[in-house]
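Novice: Take a look at target_26.pdb, PDB, C-alpha atoms, pLDDT in the B column:
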ATOM      1  CA  MET A   1    -112.080 -48.466 -27.641  1.00 93.00           C
ATOM      2  CA  GLY A   2    -113.953 -46.632 -30.396  1.00 96.00           C
ATOM      3  CA  ARG A   3    -115.675 -46.697 -33.764  1.00 97.00           C
ATOM      4  CA  ILE A   4    -114.891 -45.108 -37.113  1.00 98.00           C
ATOM      5  CA  VAL A   5    -117.897 -42.959 -37.948  1.00 97.00           C
ATOM      6  CA  ALA A   6    -116.946 -41.288 -41.252  1.00 98.00           C
ATOM      7  CA  PRO A   7    -114.167 -40.556 -43.716  1.00 98.00           C
ATOM      8  CA  TYR A   8    -112.699 -37.069 -43.373  1.00 98.00           C
ATOM      9  CA  GLY A   9    -111.239 -35.155 -46.298  1.00 96.00           C
ATOM     10  CA  VAL A  10    -109.649 -36.695 -49.385  1.00 96.00           C
ATOM     11  CA  LYS A  11    -106.316 -37.953 -47.987  1.00 97.00           C
ATOM     12  CA  GLY A  12    -107.575 -41.026 -46.111  1.00 97.00           C
ATOM     13  CA  TRP A  13    -108.291 -39.479 -42.710  1.00 98.00           C
ATOM     14  CA  VAL A  14    -111.191 -40.854 -40.660  1.00 98.00           C
ATOM     15  CA  ARG A  15    -113.359 -39.497 -37.855  1.00 98.00           C
ATOM     16  CA  VAL A  16    -113.327 -41.755 -34.788  1.00 98.00           C
ATOM     17  CA  MET A  17    -115.795 -41.629 -31.916  1.00 97.00           C
ATOM     18  CA  PRO A  18    -113.845 -42.843 -28.867  1.00 96.00           C
ATOM     19  CA  MET A  19    -115.583 -44.992 -26.251  1.00 94.00           C
ATOM     20  CA  THR A  20    -113.140 -44.105 -23.492  1.00 88.00           C
ATOM     21  CA  ALA A  21    -113.430 -41.768 -20.534  1.00 85.00           C
ATOM     22  CA  GLU A  22    -110.605 -39.620 -21.901  1.00 88.00           C
ATOM     23  CA  ARG A  23    -111.019 -38.940 -25.615  1.00 83.00           C
ATOM     24  CA  ASP A  24    -107.271 -38.545 -26.269  1.00 87.00           C
ATOM     25  CA  THR A  25    -106.396 -41.943 -24.765  1.00 90.00           C
ATOM     26  CA  LEU A  26    -106.474 -43.644 -28.165  1.00 93.00           C
ATOM     27  CA  LEU A  27    -103.919 -41.223 -29.582  1.00 95.00           C
ATOM     28  CA  ALA A  28    -101.319 -42.603 -27.150  1.00 94.00           C
ATOM     29  CA  HIS A  29    -101.368 -45.985 -28.938  1.00 95.00           C
ATOM     30  CA  GLU A  30     -99.168 -46.436 -31.998  1.00 96.00           C
ATOM     31  CA  ARG A  31    -100.879 -49.581 -33.284  1.00 97.00           C
ATOM     32  CA  TRP A  32    -104.617 -49.740 -33.833  1.00 97.00           C
ATOM     33  CA  TRP A  33    -106.678 -52.775 -34.764  1.00 97.00           C
ATOM     34  CA  LEU A  34    -109.791 -52.411 -36.915  1.00 97.00           C
ATOM     35  CA  ARG A  35    -112.604 -54.942 -37.269  1.00 96.00           C
ATOM     36  CA  PRO A  36    -115.416 -54.467 -39.777  1.00 93.00           C
ATOM     37  CA  TYR A  37    -118.805 -53.351 -38.514  1.00 84.00           C
ATOM     38  CA  ARG A  38    -120.525 -55.950 -36.313  1.00 79.00           C
ATOM     39  CA  GLY A  39    -117.557 -58.309 -36.360  1.00 77.00           C
ATOM     40  CA  ALA A  40    -118.041 -59.283 -40.017  1.00 81.00           C
ATOM     41  CA  GLY A  41    -114.345 -60.052 -40.480  1.00 89.00           C
ATOM     42  CA  PRO A  42    -110.957 -60.345 -38.818  1.00 94.00           C
ATOM     43  CA  TRP A  43    -109.105 -57.643 -36.916  1.00 96.00           C
ATOM     44  CA  ARG A  44    -106.477 -55.857 -39.063  1.00 96.00           C
ATOM     45  CA  GLU A  45    -103.521 -53.919 -37.708  1.00 97.00           C
ATOM     46  CA  HIS A  46    -102.859 -50.293 -38.703  1.00 98.00           C
ATOM     47  CA  VAL A  47    -100.224 -47.815 -37.542  1.00 98.00           C
ATOM     48  CA  LEU A  48    -101.429 -44.442 -36.280  1.00 98.00           C
ATOM     49  CA  GLU A  49     -99.622 -41.956 -38.507  1.00 98.00           C
ATOM     50  CA  SER A  50    -101.257 -38.787 -37.225  1.00 97.00           C
ATOM     51  CA  GLY A  51    -104.196 -37.752 -35.096  1.00 97.00           C
ATOM     52  CA  LYS A  52    -105.834 -34.902 -33.234  1.00 97.00           C
ATOM     53  CA  ALA A  53    -108.893 -34.101 -31.170  1.00 95.00           C
ATOM     54  CA  HIS A  54    -111.806 -32.559 -33.049  1.00 95.00           C
ATOM     55  CA  GLY A  55    -114.793 -31.748 -30.856  1.00 92.00           C
ATOM     56  CA  ALA A  56    -115.986 -34.944 -29.171  1.00 93.00           C
ATOM     57  CA  ALA A  57    -114.299 -37.055 -31.864  1.00 96.00           C
ATOM     58  CA  LEU A  58    -110.776 -37.727 -33.112  1.00 97.00           C
ATOM     59  CA  LEU A  59    -109.449 -37.209 -36.620  1.00 98.00           C
ATOM     60  CA  VAL A  60    -106.801 -39.780 -37.487  1.00 98.00           C
ATOM     61  CA  GLN A  61    -104.698 -40.974 -40.370  1.00 98.00           C
ATOM     62  CA  LEU A  62    -103.917 -44.694 -40.338  1.00 98.00           C
ATOM     63  CA  SER A  63    -101.492 -46.719 -42.428  1.00 97.00           C
ATOM     64  CA  GLY A  64    -103.124 -48.366 -45.407  1.00 96.00           C
ATOM     65  CA  LEU A  65    -105.741 -45.634 -45.842  1.00 97.00           C
ATOM     66  CA  ALA A  66    -104.291 -43.440 -48.575  1.00 96.00           C
ATOM     67  CA  ASP A  67    -107.444 -41.824 -49.952  1.00 97.00           C
ATOM     68  CA  ARG A  68    -111.112 -41.137 -49.262  1.00 97.00           C
ATOM     69  CA  GLU A  69    -112.244 -44.400 -50.894  1.00 97.00           C
ATOM     70  CA  ALA A  70    -110.009 -46.462 -48.594  1.00 97.00           C
ATOM     71  CA  ALA A  71    -111.270 -44.495 -45.590  1.00 97.00           C
ATOM     72  CA  ALA A  72    -114.882 -45.085 -46.657  1.00 97.00           C
ATOM     73  CA  ARG A  73    -114.286 -48.855 -46.749  1.00 95.00           C
ATOM     74  CA  VAL A  74    -113.527 -48.906 -43.008  1.00 96.00           C
ATOM     75  CA  ASN A  75    -116.515 -46.738 -42.070  1.00 96.00           C
ATOM     76  CA  GLY A  76    -118.291 -48.290 -39.088  1.00 96.00           C
ATOM     77  CA  ALA A  77    -115.283 -50.398 -38.073  1.00 97.00           C
ATOM     78  CA  GLU A  78    -114.568 -51.065 -34.424  1.00 97.00           C
ATOM     79  CA  VAL A  79    -111.271 -49.716 -33.096  1.00 97.00           C
ATOM     80  CA  GLY A  80    -109.229 -51.703 -30.616  1.00 95.00           C
ATOM     81  CA  VAL A  81    -105.741 -51.855 -29.150  1.00 94.00           C
ATOM     82  CA  LEU A  82    -103.857 -54.799 -27.709  1.00 91.00           C
ATOM     83  CA  ARG A  83    -104.722 -55.459 -24.081  1.00 87.00           C
ATOM     84  CA  SER A  84    -101.009 -55.659 -23.258  1.00 87.00           C
ATOM     85  CA  THR A  85    -100.574 -51.983 -24.253  1.00 85.00           C
ATOM     86  CA  LEU A  86    -103.231 -50.678 -21.866  1.00 78.00           C
TER      87      LEU A  86
END
Represent the structure of the file as structure tokens.
Specialist:
Amino acid sequence: MGRIVAPYGVKGWVRVMPMTAERDTLLAHERWWLRPYRGAGPWREHVLESGKAHGAALLVQLSGLADREAAARVNGAEVGVLRSTL
């Protein structure tokens, strides 16, 4: 559904490049699943705490990402949602 392309700010926000026809589609999902770049680990669930459109990308705050360092650790991660929520 998308990819995290960079940390944003110092409070744990990330910039997400959606891979959907409608950029805002991801913001409708409360639970996001992140998998490290190139499938190098398991999917981990995060709750979407806040988000907004920003140009062609989205800026989002996810549970478990409290600061810039935490956001940097998920840089490049794939973003998914459960098929049952689509």
Novice: Enumerate, as a list in words, the residues matched when the PyMOL selection byres ((chain A and resi 51) around 10) is run on the file above.
Specialist: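 Residues picked by the PyMOL selection byres ((chain A and resi 51) around 10): Trp13, Val14, Arg15, Val16, Asp24, Leu26, Leu27, Ala28, Leu48, Glu49, Ser50, Lys52, Ala53, His54, Leu58, Leu59, Val60, Gln61 and Leu62 of chain A.
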Novice: Emit the selected residues as a PDB file, keeping the file's coordinate frame, including C-alpha atoms.
Specialist:
ATOM      1  CA  TRP A  13    -108.291 -39.479 -42.710  1.00 98.00           C
ATOM      2  CA  VAL A  14    -111.191 -40.854 -40.660  1.00 98.00           C
ATOM      3  CA  ARG A  15    -113.359 -39.497 -37.855  1.00 98.00           C
ATOM      4  CA  VAL A  16    -113.327 -41.755 -34.788  1.00 98.00           C
ATOM      5  CA  ASP A  24    -107.271 -38.545 -26.269  1.00 87.00           C
ATOM      6  CA  LEU A  26    -106.474 -43.644 -28.165  1.00 93.00           C
ATOM      7  CA  LEU A  27    -103.919 -41.223 -29.582  1.00 95.00           C
ATOM      8  CA  ALA A  28    -101.319 -42.603 -27.150  1.00 94.00           C
ATOM      9  CA  LEU A  48    -101.429 -44.442 -36.280  1.00 98.00           C
ATOM     10  CA  GLU A  49     -99.622 -41.956 -38.507  1.00 98.00           C
ATOM     11  CA  SER A  50    -101.257 -38.787 -37.225  1.00 97.00           C
ATOM     12  CA  LYS A  52    -105.834 -34.902 -33.234  1.00 97.00           C
ATOM     13  CA  ALA A  53    -108.893 -34.101 -31.170  1.00 95.00           C
ATOM     14  CA  HIS A  54    -111.806 -32.559 -33.049  1.00 95.00           C
ATOM     15  CA  LEU A  58    -110.776 -37.727 -33.112  1.00 97.00           C
ATOM     16  CA  LEU A  59    -109.449 -37.209 -36.620  1.00 98.00           C
ATOM     17  CA  VAL A  60    -106.801 -39.780 -37.487  1.00 98.00           C
ATOM     18  CA  GLN A  61    -104.698 -40.974 -40.370  1.00 98.00           C
ATOM     19  CA  LEU A  62    -103.917 -44.694 -40.338  1.00 98.00           C
TER      20      LEU A  62
END
Novice: At what distance in Å, to one decimal, does CA of Val47 (chain A) lie from CA of Ser63 (chain A)?
Specialist: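 Computing the Euclidean distance for CA of Ser63 (chain A) and CA of Val47 (chain A) yields 5.2 Å.
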Novice: Tell me which of A:Ala6, A:Ala40, A:Leu86, A:Met1 sits closest to Ala21 (chain A), counting only C-alpha atoms.
Specialist: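 Looking only at the distances to Ala21 (chain A), the closest residue turns out to be A:Met1.
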Novice: Once the PyMOL selection byres ((chain A and resi 4) around 9) has been evaluated on this model, what residues remain selected, and can you format them as a CSV table (one decimal) with C-alpha atoms, in the frame of the given file?
Specialist:
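Result file follows (part_19.csv):
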chain,number,residue,atom,x,y,z
A,2,GLY,CA,-114.0,-46.6,-30.4
A,3,ARG,CA,-115.7,-46.7,-33.8
A,5,VAL,CA,-117.9,-43.0,-37.9
A,6,ALA,CA,-116.9,-41.3,-41.3
A,7,PRO,CA,-114.2,-40.6,-43.7
A,14,VAL,CA,-111.2,-40.9,-40.7
A,15,ARG,CA,-113.4,-39.5,-37.9
A,16,VAL,CA,-113.3,-41.8,-34.8
A,17,MET,CA,-115.8,-41.6,-31.9
A,18,PRO,CA,-113.8,-42.8,-28.9
A,34,LEU,CA,-109.8,-52.4,-36.9
A,74,VAL,CA,-113.5,-48.9,-43.0
A,75,ASN,CA,-116.5,-46.7,-42.1
A,76,GLY,CA,-118.3,-48.3,-39.1
A,77,ALA,CA,-115.3,-50.4,-38.1
A,78,GLU,CA,-114.6,-51.1,-34.4
A,79,VAL,CA,-111.3,-49.7,-33.1
Novice: Interatomic distance between CA of Val81 (chain A) and CA of Trp32 (chain A)?
Specialist: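 Interatomic distance, CA of Val81 (chain A) to CA of Trp32 (chain A): 5.3 Å.
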Novice: Applied to this file, what does the PyMOL selection byres ((chain A and resi 67) around 8) return in terms of residues, put as a JSON list (two decimals) with C-alpha atoms, keeping the file's coordinate frame?
Specialist:
[["chain", "number", "residue", "atom", "x", "y", "z"],
["A", 10, "VAL", "CA", -109.65, -36.70, -49.38],
["A", 11, "LYS", "CA", -106.32, -37.95, -47.99],
["A", 12, "GLY", "CA", -107.58, -41.03, -46.11],
["A", 13, "TRP", "CA", -108.29, -39.48, -42.71],
["A", 65, "LEU", "CA", -105.74, -45.63, -45.84],
["A", 66, "ALA", "CA", -104.29, -43.44, -48.58],
["A", 68, "ARG", "CA", -111.11, -41.14, -49.26],
["A", 69, "GLU", "CA", -112.24, -44.40, -50.89],
["A", 70, "ALA", "CA", -110.01, -46.46, -48.59],
["A", 71, "ALA", "CA", -111.27, -44.50, -45.59]]
Novice: Report, in Å with one decimal, the straight-line distance from CA of Leu82 (chain A) to CA of Tyr8 (chain A).
Specialist: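 Between these atoms lies a distance of 25.3 Å.
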Novice: Using all atoms listed in the file, which of the listed residues (A:Thr85, A:Thr25, A:Gly80, A:Gly64) sits closest to His46 (chain A)?
Specialist: A:Gly64
Novice: Nearest to Arg83 (chain A) among A:His29, A:Gly9, A:Glu22, A:Pro36, with distances taken over all atoms listed in the file: which residue is it?
Specialist: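 Ranking A:His29, A:Gly9, A:Glu22, A:Pro36 by distance to Arg83 (chain A), first place goes to A:His29.
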